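Below is data39.tsv, holding TSV, C-alpha atoms.
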```tsv
chain	number	residue	atom	x	y	z
A	19	MET	CA	-29.23	-83.30	24.22
A	20	ASN	CA	-31.67	-80.74	25.54
A	21	ALA	CA	-35.33	-81.70	25.23
A	22	LEU	CA	-37.43	-79.60	22.88
A	23	PRO	CA	-40.08	-77.46	24.57
A	24	GLN	CA	-43.61	-78.82	24.41
A	25	PRO	CA	-45.43	-77.30	21.42
A	26	LYS	CA	-48.09	-74.81	22.48
A	27	THR	CA	-50.33	-75.51	19.52
A	28	HIS	CA	-53.60	-75.04	21.36
A	29	GLN	CA	-52.58	-71.60	22.59
A	30	LEU	CA	-51.56	-70.61	19.07
A	31	ILE	CA	-54.87	-71.86	17.66
A	32	ASP	CA	-56.74	-69.78	20.25
A	33	ARG	CA	-54.70	-66.70	19.37
A	34	ILE	CA	-55.30	-67.17	15.64
A	35	ASN	CA	-59.03	-67.63	16.21
A	36	ALA	CA	-59.14	-64.54	18.45
A	37	LEU	CA	-57.36	-62.49	15.80
A	38	ARG	CA	-59.74	-63.76	13.12
A	39	ALA	CA	-62.72	-62.76	15.26
A	40	ALA	CA	-61.28	-59.32	16.04
A	41	SER	CA	-61.84	-57.87	12.58
A	42	PRO	CA	-63.67	-58.73	9.33
A	43	ARG	CA	-60.77	-57.22	7.40
A	44	PHE	CA	-57.56	-58.96	6.46
A	45	ILE	CA	-54.57	-57.77	8.44
A	46	ASP	CA	-52.05	-55.54	6.67
A	47	PRO	CA	-48.62	-56.62	7.99
A	48	ALA	CA	-47.15	-53.29	6.86
A	49	GLU	CA	-49.33	-51.37	9.30
A	50	ILE	CA	-48.42	-50.74	12.93
A	51	THR	CA	-51.53	-51.65	14.89
A	52	PRO	CA	-52.32	-53.93	17.86
A	53	LEU	CA	-53.69	-56.51	15.41
A	54	SER	CA	-50.65	-56.46	13.12
A	55	ARG	CA	-48.30	-56.65	16.11
A	56	GLU	CA	-50.13	-59.72	17.40
A	57	TRP	CA	-50.07	-61.21	13.89
A	58	ARG	CA	-46.31	-60.85	13.72
A	59	ALA	CA	-45.90	-62.24	17.25
A	60	ILE	CA	-47.94	-65.33	16.31
A	61	GLY	CA	-45.74	-65.83	13.25
A	62	HIS	CA	-42.64	-65.71	15.43
A	63	ASP	CA	-44.05	-68.36	17.79
A	64	ILE	CA	-45.09	-70.60	14.89
A	65	ARG	CA	-41.56	-70.49	13.47
A	66	GLN	CA	-40.25	-71.62	16.85
A	67	LEU	CA	-42.64	-74.57	16.68
A	68	LEU	CA	-41.23	-75.84	13.35
A	69	GLN	CA	-38.40	-77.78	14.96
A	70	ALA	CA	-40.65	-79.51	17.49
A	71	ASP	CA	-43.70	-80.28	15.32
A	72	ALA	CA	-43.32	-79.35	11.66
A	73	ARG	CA	-46.74	-80.63	10.56
A	74	ALA	CA	-48.59	-78.59	13.19
A	75	ALA	CA	-46.41	-75.57	12.45
A	76	TRP	CA	-47.21	-75.66	8.72
A	77	GLU	CA	-50.92	-76.08	9.39
A	78	LEU	CA	-50.84	-73.11	11.75
A	79	THR	CA	-48.85	-71.15	9.18
A	80	GLY	CA	-51.67	-71.71	6.67
A	81	SER	CA	-54.26	-70.28	9.04
A	82	TRP	CA	-51.92	-67.45	10.05
A	83	ARG	CA	-51.14	-66.46	6.45
A	84	ALA	CA	-54.86	-66.43	5.65
A	85	LEU	CA	-55.40	-63.74	8.30
A	86	ALA	CA	-53.44	-61.42	6.00
A	87	GLY	CA	-55.36	-62.55	2.91
A	88	ASP	CA	-52.25	-64.33	1.60
A	89	VAL	CA	-53.77	-67.05	-0.61
A	90	GLU	CA	-50.48	-68.38	-2.00
A	91	GLY	CA	-48.82	-68.42	1.41
A	92	ALA	CA	-51.77	-70.19	3.05
A	93	GLU	CA	-52.13	-72.79	0.30
A	94	GLY	CA	-48.40	-73.49	0.22
A	95	ALA	CA	-48.27	-73.98	3.98
A	96	PHE	CA	-51.18	-76.41	3.99
A	97	ARG	CA	-49.63	-78.37	1.12
A	98	ASN	CA	-46.47	-78.70	3.20
A	99	ALA	CA	-48.61	-80.00	6.06
A	100	VAL	CA	-50.23	-82.53	3.71
A	101	ALA	CA	-46.78	-83.81	2.73
A	102	LEU	CA	-46.13	-84.45	6.42
A	103	GLY	CA	-49.42	-86.31	6.94
A	104	LEU	CA	-52.15	-83.72	7.54
A	105	SER	CA	-55.05	-85.28	9.47
A	106	ASP	CA	-58.76	-85.01	8.66
A	107	VAL	CA	-59.03	-82.42	11.42
A	108	GLY	CA	-56.30	-80.46	9.64
A	109	ARG	CA	-58.13	-80.74	6.32
A	110	GLU	CA	-61.26	-79.45	8.01
A	111	ASN	CA	-59.26	-76.44	9.18
A	112	TRP	CA	-57.96	-75.98	5.64
A	113	MET	CA	-61.51	-76.04	4.30
A	114	ILE	CA	-62.61	-73.39	6.82
A	115	THR	CA	-59.54	-71.30	5.93
A	116	ARG	CA	-60.43	-71.46	2.23
A	117	LEU	CA	-63.96	-70.31	3.06
A	118	GLY	CA	-62.55	-67.31	4.92
A	119	LEU	CA	-60.47	-66.45	1.85
A	120	GLY	CA	-63.52	-66.64	-0.44
A	121	MET	CA	-62.23	-69.78	-2.20
A	122	PHE	CA	-65.53	-71.61	-2.38
A	123	SER	CA	-64.73	-74.11	-5.14
A	124	ALA	CA	-61.51	-75.06	-3.38
A	125	ALA	CA	-63.39	-75.44	-0.07
A	126	GLN	CA	-65.86	-77.76	-1.80
A	127	ALA	CA	-63.00	-79.94	-3.03
A	128	LEU	CA	-61.82	-80.54	0.53
A	129	TYR	CA	-65.40	-81.09	1.67
A	130	ARG	CA	-65.79	-83.91	-0.84
A	131	GLU	CA	-62.58	-85.50	0.47
A	132	LEU	CA	-63.79	-85.30	4.05
A	133	CYS	CA	-67.18	-86.74	3.16
A	134	GLY	CA	-65.48	-89.66	1.45
A	135	ALA	CA	-63.14	-90.34	4.38
A	136	ARG	CA	-66.00	-90.78	6.90
A	137	THR	CA	-63.52	-90.83	9.76
A	138	ARG	CA	-65.20	-88.09	11.81
A	139	ASN	CA	-68.67	-87.01	12.81
A	140	LEU	CA	-69.61	-85.46	9.48
A	141	ALA	CA	-72.37	-83.40	11.07
A	142	VAL	CA	-69.53	-81.20	12.35
A	143	ILE	CA	-68.35	-80.26	8.84
A	144	ALA	CA	-71.64	-80.42	6.90
A	145	GLN	CA	-72.59	-76.86	7.73
A	146	TYR	CA	-69.27	-75.60	6.36
A	147	GLY	CA	-69.83	-77.56	3.17
A	148	PHE	CA	-73.25	-75.98	2.87
A	149	LEU	CA	-71.71	-72.52	3.28
A	150	ALA	CA	-69.32	-73.42	0.45
A	151	GLY	CA	-72.30	-74.04	-1.83
A	152	ALA	CA	-72.22	-77.83	-1.76
A	153	VAL	CA	-75.96	-78.14	-1.16
A	154	GLY	CA	-76.46	-81.29	-3.23
A	155	ARG	CA	-73.54	-83.09	-1.61
A	156	THR	CA	-74.77	-82.02	1.81
A	157	ALA	CA	-78.24	-83.40	1.10
A	158	GLU	CA	-76.69	-86.73	0.09
A	159	LEU	CA	-74.61	-86.70	3.26
A	160	ILE	CA	-77.64	-86.03	5.44
A	161	GLY	CA	-79.61	-88.87	3.86
A	162	ASP	CA	-76.72	-91.32	4.19
A	163	ALA	CA	-75.93	-90.29	7.76
A	164	LYS	CA	-79.54	-90.58	8.89
A	165	MET	CA	-79.59	-94.18	7.63
A	166	ARG	CA	-76.57	-94.82	9.88
A	167	GLY	CA	-78.28	-93.24	12.88
A	168	VAL	CA	-76.27	-90.01	12.96
A	169	GLU	CA	-78.08	-87.24	14.85
A	170	TRP	CA	-78.59	-83.87	13.15
A	171	ASP	CA	-80.05	-80.51	13.94
A	172	GLU	CA	-83.35	-81.38	12.28
A	173	GLU	CA	-84.36	-77.81	11.48
A	174	TRP	CA	-81.05	-77.12	9.76
A	175	ALA	CA	-81.11	-80.49	7.97
A	176	GLU	CA	-84.60	-79.85	6.57
A	177	SER	CA	-83.46	-76.44	5.33
A	178	ALA	CA	-80.45	-78.01	3.59
A	179	LEU	CA	-82.63	-80.67	1.97
A	180	LEU	CA	-85.03	-77.99	0.73
A	181	ALA	CA	-82.14	-76.00	-0.73
A	182	SER	CA	-80.98	-79.09	-2.61
A	183	ARG	CA	-84.49	-79.68	-3.92
A	184	ILE	CA	-84.69	-76.10	-5.24
A	185	MET	CA	-81.29	-76.27	-6.95
A	186	THR	CA	-82.16	-79.65	-8.49
A	187	GLU	CA	-85.41	-78.24	-9.88
A	188	VAL	CA	-83.60	-75.33	-11.55
A	189	GLU	CA	-80.74	-77.61	-12.64
A	190	VAL	CA	-77.95	-75.75	-10.85
A	191	SER	CA	-75.05	-77.89	-9.59
A	192	ASP	CA	-72.87	-77.47	-6.53
A	193	GLU	CA	-69.98	-76.52	-8.81
A	194	GLU	CA	-72.01	-73.78	-10.45
A	195	ILE	CA	-73.03	-72.38	-7.07
A	196	ALA	CA	-69.38	-72.36	-6.01
A	197	HIS	CA	-68.32	-70.56	-9.19
A	198	ARG	CA	-70.84	-67.80	-8.49
A	199	LEU	CA	-69.59	-67.57	-4.91
A	200	ASP	CA	-66.00	-67.50	-6.18
A	201	CYS	CA	-66.90	-64.27	-8.02
A	202	ALA	CA	-67.81	-62.74	-4.67
A	203	GLY	CA	-64.54	-64.06	-3.25
A	204	VAL	CA	-62.55	-62.27	-5.95
A	205	VAL	CA	-64.23	-58.97	-5.06
A	206	LEU	CA	-63.78	-59.48	-1.33
A	207	ARG	CA	-60.08	-60.31	-1.55
A	208	ARG	CA	-59.58	-57.26	-3.77
A	209	HIS	CA	-60.87	-55.13	-0.89
A	210	GLY	CA	-59.29	-57.12	1.94
A	211	LEU	CA	-62.58	-58.30	3.41
A	212	CYS	CA	-63.60	-61.54	5.09
A	213	PRO	CA	-67.40	-61.72	5.36
A	214	SER	CA	-69.83	-63.40	7.67
A	215	ILE	CA	-71.68	-65.91	5.46
A	216	ASN	CA	-75.38	-66.54	6.01
A	217	VAL	CA	-77.64	-68.79	3.97
A	218	ARG	CA	-81.43	-68.48	3.84
A	219	VAL	CA	-83.78	-70.87	2.07
A	220	SER	CA	-87.28	-69.70	1.17
A	221	PHE	CA	-89.98	-71.67	-0.60
A	222	VAL	CA	-93.67	-71.04	-1.25
A	223	GLU	CA	-95.27	-73.67	-3.47
A	224	ALA	CA	-95.93	-72.35	-7.01
A	225	VAL	CA	-95.04	-68.80	-5.89
A	226	HIS	CA	-91.44	-68.39	-4.76
A	227	ARG	CA	-88.28	-70.43	-4.29
A	228	CYS	CA	-84.82	-69.09	-3.50
A	229	LEU	CA	-81.48	-70.02	-2.00
A	230	MET	CA	-79.87	-66.79	-0.83
A	231	TYR	CA	-76.22	-66.40	0.20
A	232	THR	CA	-75.72	-63.16	2.12
A	233	LEU	CA	-72.17	-61.96	2.75
A	234	SER	CA	-72.28	-59.44	5.59
A	235	LEU	CA	-69.61	-56.74	5.66
A	236	PRO	CA	-68.65	-53.73	7.83
A	237	LEU	CA	-69.61	-51.24	5.12
A	238	THR	CA	-72.12	-48.51	4.45
A	239	TRP	CA	-74.97	-49.07	2.01
A	240	GLU	CA	-73.17	-46.96	-0.60
A	241	GLN	CA	-69.94	-48.94	-0.25
A	242	THR	CA	-71.87	-52.19	-0.49
A	243	GLN	CA	-73.50	-51.06	-3.72
A	244	GLU	CA	-70.08	-50.41	-5.22
A	245	LEU	CA	-69.08	-53.98	-4.38
A	246	GLU	CA	-72.33	-55.25	-5.89
A	247	SER	CA	-71.40	-53.54	-9.14
A	248	GLU	CA	-68.02	-55.27	-9.10
A	249	LEU	CA	-69.73	-58.59	-8.36
A	250	LEU	CA	-71.98	-58.20	-11.39
A	251	LEU	CA	-68.91	-57.67	-13.59
A	252	GLU	CA	-67.29	-60.82	-12.24
A	253	GLU	CA	-70.50	-62.83	-12.63
A	254	GLY	CA	-70.77	-61.57	-16.20
A	255	LYS	CA	-67.73	-63.69	-17.01
A	256	LEU	CA	-69.82	-66.80	-16.30
A	257	SER	CA	-71.96	-67.79	-19.26
A	258	TYR	CA	-73.50	-71.09	-18.33
A	259	PHE	CA	-76.49	-70.16	-16.20
A	260	CYS	CA	-78.53	-67.41	-14.61
A	261	THR	CA	-81.45	-68.06	-12.28
A	262	ALA	CA	-83.47	-66.01	-9.84
A	263	ALA	CA	-83.59	-69.07	-7.57
A	264	LEU	CA	-79.97	-68.46	-6.50
A	265	GLY	CA	-79.00	-65.14	-4.95
A	266	ILE	CA	-75.57	-63.96	-3.80
A	267	VAL	CA	-75.53	-60.50	-2.25
A	268	PHE	CA	-73.37	-58.26	-0.11
A	269	ASP	CA	-74.97	-56.80	2.99
A	270	GLY	CA	-73.39	-53.77	4.64
A	271	ARG	CA	-73.73	-53.60	8.40
A	272	ILE	CA	-72.09	-50.75	10.28
A	273	ALA	CA	-72.05	-51.43	14.02
```
Can I see the file as structure tokens?
Amino acid sequence: MNALPQPKTHQLIDRINALRAASPRFIDPAEITPLSREWRAIGHDIRQLLQADARAAWELTGSWRALAGDVEGAEGAFRNAVALGLSDVGRENWMITRLGLGMFSAAQALYRELCGARTRNLAVIAQYGFLAGAVGRTAELIGDAKMRGVEWDEEWAESALLASRIMTEVEVSDEEIAHRLDCAGVVLRRHGLCPSINVRVSFVEAVHRCLMYTLSLPLTWEQTQELESELLLEEGKLSYFCTAALGIVFDGRIA
């Protein structure tokens, strides 16, 4: 029997990451561009990997499908990887993939699983959980980890704790934050966009307090305003809360 070739998973991961970094837009497989050609080539190499390492191949397929904005394809691939014993590292990758697809509630669900497992340095994933809107859970994680002597970026940790304090004061839960962010995800997927997510916490005693999620996009100001209008329509479907202490905005940045 001929030996199977060694899986080149690390090279495939690097290629997927490079393709993700190359454009803030989802790839259209129907187009003929350098990016779509590389996307198809990666898919071919992943299929070759299936026989040698099915779990790794399905995990890579999830990340690869997400590059094209294919939610069902990505989720199905990761579920196949779970059935084959997906590791915590793989679940972390799944969480990051869901963030890129604008699936904030779903990303939070995986974050809670990873926090409960406590099999890795949780400081590595805490910032992703914070980006997913899990500010309360992140604050709990920071407090628990500090008691166990885990080192943190203190400036970032203090900002996360302040964000949790603000959301607690206005009685907004992690789930409610995620639902608001999910509205932005619906709009972004509709337009084939994967944003850069930035979070800013501002607080002036008795004057101002705000947790602001800014989703940066390669758009003009006018285009961004159109997306803002769509976001307002999506948010209008949520009836349970409205507070000036939580902001979610699109920010157009043309290089």
Of the candidates A:Thr79, A:Asn216, A:Asn111, A:Gln29, which shows the shortest atom-to-atom distance to Leu233 (chain A), using all atoms listed in the file?
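Going through A:Thr79, A:Asn216, A:Asn111, A:Gln29 one by one, the smallest distance to Leu233 (chain A) is for A:Asn216.
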Name all residues at most 12 Å from region 101-110 of chain A (count only C-alpha atoms; drop same-chain ones fewer than 6 positions away) and give them as a PyMOL selection string.
chain A and resi 31+71-81+93-95+116-117+124-140+142-147
Could you please determine the separation between CA of Ser234 (chain A) and CA of Asn35 (chain A) in Å, to one decimal place?
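That distance, rounded to one decimal, is 18.9 Å.
Atom pair CA of Asp192 (chain A) / CA of Gly154 (chain A) has a distance of 6.2 Å (rounded to one decimal).
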From the set A:Leu149, A:Leu256, A:Val225, A:Val89, which residue has the shortest atom-to-atom contact distance to His197 (chain A), counting all atoms listed in the file?
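Closest residue, counting all atoms listed in the file: A:Leu256.
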Distance CA of Ser220 (chain A)-CA of Leu235 (chain A), one decimal place?
22.4 Å
Measuring between only C-alpha atoms, which one of A:Ala150, A:Leu245, A:Ile215, A:Leu229 shows the shortest distance to Leu180 (chain A)?
A:Leu229
Could you name the residues that touch Val267 (chain A) at 12 Å or less, counting all atoms listed in the file, but leaving out those on the same chain fewer than 4 positions away, as a count of residues only?
30
Determine the axis-aligned bounding box of all atoms of region 219-223 of chain A present in the file, pad each side by 8 Å, and express its centre and edge lengths in Å to one decimal place as JSON.
```
{"center_x": -89.5, "center_y": -71.7, "center_z": -0.7, "size_x": 27.5, "size_y": 20.0, "size_z": 21.5}
```
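Taking all atoms listed in the file into account, Glu172 (chain A) lies nearest to A:Ala141 out of the set A:Leu211, A:Leu85, A:Ala141, A:Leu68.
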Pick out the residues sitting within 8 Å of Ala178 (chain A), and hand them over as a list in words; count all atoms listed in the file, and ignore anything fewer than 5 positions along from it in its own chain.
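The filter keeps Phe148, Val153, Thr156 and Ala157 of chain A.
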Pick out the closest residue to His209 (chain A) from this set: A:Ala163, A:Ala48, A:Val222, A:Ala86. Count only C-alpha atoms.
A:Ala86
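Minimum atom-to-atom distance to Arg33 (chain A), evaluated using all atoms listed in the file, belongs to A:Asp63 out of A:Glu240, A:Asp63, A:Asp46, A:Glu252.
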Within 9 Å of (-53.9, -62.7, 4.8) (file coordinates; all atoms listed in the file), which protein or nucleic acid residues are there? I'd like them as a list in words.
Phe44, Ile45, Asp46, Pro47, Ser81, Trp82, Arg83, Ala84, Leu85, Ala86, Gly87, Asp88, Val89, Gly91, Ala92, Leu119 and Gly210 of chain A
Please list as a count of residues only every residue within 12 Å of Ala262 (chain A), counting all atoms listed in the file and excluding residues in the same chain fewer than 5 positions away.
9
